[in-house]
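Colleague: Please see the structure below; I have some questions.
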Amino acid sequence: MARDCGDQLTELRARIDDLDAQLVELLARRFTITREIGRLKADRDLPSLDERRESAQRERLRTLASESGIDPEMVLAVFEAVVARVRAEHEAVPRGAVAGALDEDPSGRAR
């Protein structure tokens with residue numbers, strides 16, 4: 001019986017590992033897009049913060065989380081961490097920057 005539990009745990013943990021890899025890939029894709037947005041905003045001298053957009057996104061995420069049966073506050077906490085990093089990257093792009101000026105990954109390493 002204990003062996004069956006061990007096999008189940010191994011299989012479930014492998015599934016979690018796969019999902020974690022997918023989450024990392026999705027975050028990488030998201031940051032590729034947000035870097036483009038950051039360069040565009042810098043080039044057009046737009047502010048890095050769009051309070052209306054962020055407020056609407058928080059509400060949208062809260063609804064999606066509720067509909068998916070997970071804690072909306074936990075989802076918002078995760079996305080707040082992502083948005084904080086995005087905002088920091090946007091603010092690091094010099095105003096009037098040309099496209100391609102910020103070619104780093106989310107960890108800060110050059111690509």
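Each chain of the structure tokens is named A, B, ... in the order shown, its residues numbered from 1; ligands are numbered from 1 in display order.
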List the spatial neighbours of A:Ala92 as an mmCIF file with N, CA and C atoms, in the first residue's frame - criterion: any atom at most 10 Å away, only C-alpha atoms, same-chain residues fewer than 2 positions off excluded.

Modeller:
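Contents of part_22.cif, as written:
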data_model
loop_
_atom_site.group_PDB
_atom_site.id
_atom_site.type_symbol
_atom_site.label_atom_id
_atom_site.label_comp_id
_atom_site.auth_asym_id
_atom_site.auth_seq_id
_atom_site.Cartn_x
_atom_site.Cartn_y
_atom_site.Cartn_z
ATOM 1 N N GLY A 38 7.153 48.200 -23.062
ATOM 2 C CA GLY A 38 8.028 49.152 -22.372
ATOM 3 C C GLY A 38 8.812 50.014 -23.346
ATOM 4 N N ARG A 39 9.342 49.386 -24.393
ATOM 5 C CA ARG A 39 10.091 50.159 -25.399
ATOM 6 C C ARG A 39 9.165 51.121 -26.136
ATOM 7 N N ALA A 42 8.362 53.997 -23.828
ATOM 8 C CA ALA A 42 9.523 54.874 -23.690
ATOM 9 C C ALA A 42 9.725 55.705 -24.951
ATOM 10 N N SER A 48 4.905 54.611 -17.462
ATOM 11 C CA SER A 48 4.966 53.152 -17.341
ATOM 12 C C SER A 48 3.719 52.606 -16.657
ATOM 13 N N VAL A 86 7.493 44.078 -14.150
ATOM 14 C CA VAL A 86 7.270 44.707 -15.458
ATOM 15 C C VAL A 86 7.433 46.221 -15.338
ATOM 16 N N ARG A 87 6.807 46.793 -14.323
ATOM 17 C CA ARG A 87 6.883 48.247 -14.138
ATOM 18 C C ARG A 87 8.334 48.680 -13.926
ATOM 19 N N ALA A 88 9.089 47.933 -13.131
ATOM 20 C CA ALA A 88 10.497 48.267 -12.890
ATOM 21 C C ALA A 88 11.286 48.224 -14.200
ATOM 22 N N GLU A 89 11.002 47.222 -15.028
ATOM 23 C CA GLU A 89 11.683 47.149 -16.328
ATOM 24 C C GLU A 89 11.291 48.325 -17.217
ATOM 25 N N HIS A 90 10.014 48.676 -17.221
ATOM 26 C CA HIS A 90 9.567 49.804 -18.048
ATOM 27 C C HIS A 90 10.241 51.092 -17.609
ATOM 28 N N PRO A 94 15.220 54.002 -21.034
ATOM 29 C CA PRO A 94 15.352 55.462 -21.187
ATOM 30 C C PRO A 94 14.256 56.036 -22.083
ATOM 31 N N ARG A 95 13.744 57.177 -21.722
ATOM 32 C CA ARG A 95 12.725 57.844 -22.541
ATOM 33 C C ARG A 95 13.300 58.125 -23.914
ATOM 34 N N LEU A 102 16.288 47.339 -24.651
ATOM 35 C CA LEU A 102 16.331 46.531 -23.434
ATOM 36 C C LEU A 102 16.252 45.070 -23.826
#

Colleague: Quick one: residues within 12 Å of A:Ala65, only C-alpha atoms counted, chain neighbours fewer than 5 positions away excluded, as JSON, numbers by chain?

Modeller: {"A": [57, 58, 59, 60, 70, 71, 72, 73, 74, 75, 76, 77, 78, 79]}

Colleague: Write to file, as an mmCIF file, in the first residue's frame, the residues of the selection just made, with C-alpha atoms.

Modeller:
data_model
loop_
_atom_site.group_PDB
_atom_site.id
_atom_site.type_symbol
_atom_site.label_atom_id
_atom_site.label_comp_id
_atom_site.auth_asym_id
_atom_site.auth_seq_id
_atom_site.Cartn_x
_atom_site.Cartn_y
_atom_site.Cartn_z
ATOM 1 C CA GLN A 57 -6.866 43.666 -15.062
ATOM 2 C CA ARG A 58 -7.113 43.084 -11.300
ATOM 3 C CA GLU A 59 -10.898 42.836 -11.602
ATOM 4 C CA ARG A 60 -10.617 40.513 -14.598
ATOM 5 C CA ILE A 70 -9.000 29.286 -6.778
ATOM 6 C CA ASP A 71 -8.378 32.039 -4.267
ATOM 7 C CA PRO A 72 -8.574 35.408 -6.060
ATOM 8 C CA GLU A 73 -6.279 37.059 -3.500
ATOM 9 C CA MET A 74 -3.569 34.466 -4.143
ATOM 10 C CA VAL A 75 -3.876 35.021 -7.904
ATOM 11 C CA LEU A 76 -3.719 38.785 -7.429
ATOM 12 C CA ALA A 77 -0.610 38.445 -5.247
ATOM 13 C CA VAL A 78 1.152 36.467 -7.990
ATOM 14 C CA PHE A 79 0.182 38.971 -10.658
#

Colleague: Write out as a ChimeraX atom specification the set of residues from chain A that DSSP, computed on the backbone, places in alpha helix (DSSP H).

Modeller: /A:2-43,51-68,72-92

Colleague: Measure the distance from atom CA of A:Ser66 to atom CA of A:Ala81 in Å and round it to one decimal.

Modeller: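 Separating atom CA of A:Ser66 from atom CA of A:Ala81 is a distance of 19.5 Å.
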
Colleague: Rank nothing, just name the residue among A:Thr34, A:Leu19, A:Asp45, A:Arg62 nearest to A:Arg85, using only C-alpha atoms.

Modeller: A:Thr34

Colleague: Smallest atom-to-atom distance to A:Val82: which of A:Asp43, A:Asp4, A:Glu54, A:Glu11, using only C-alpha atoms?

Modeller: A:Glu54
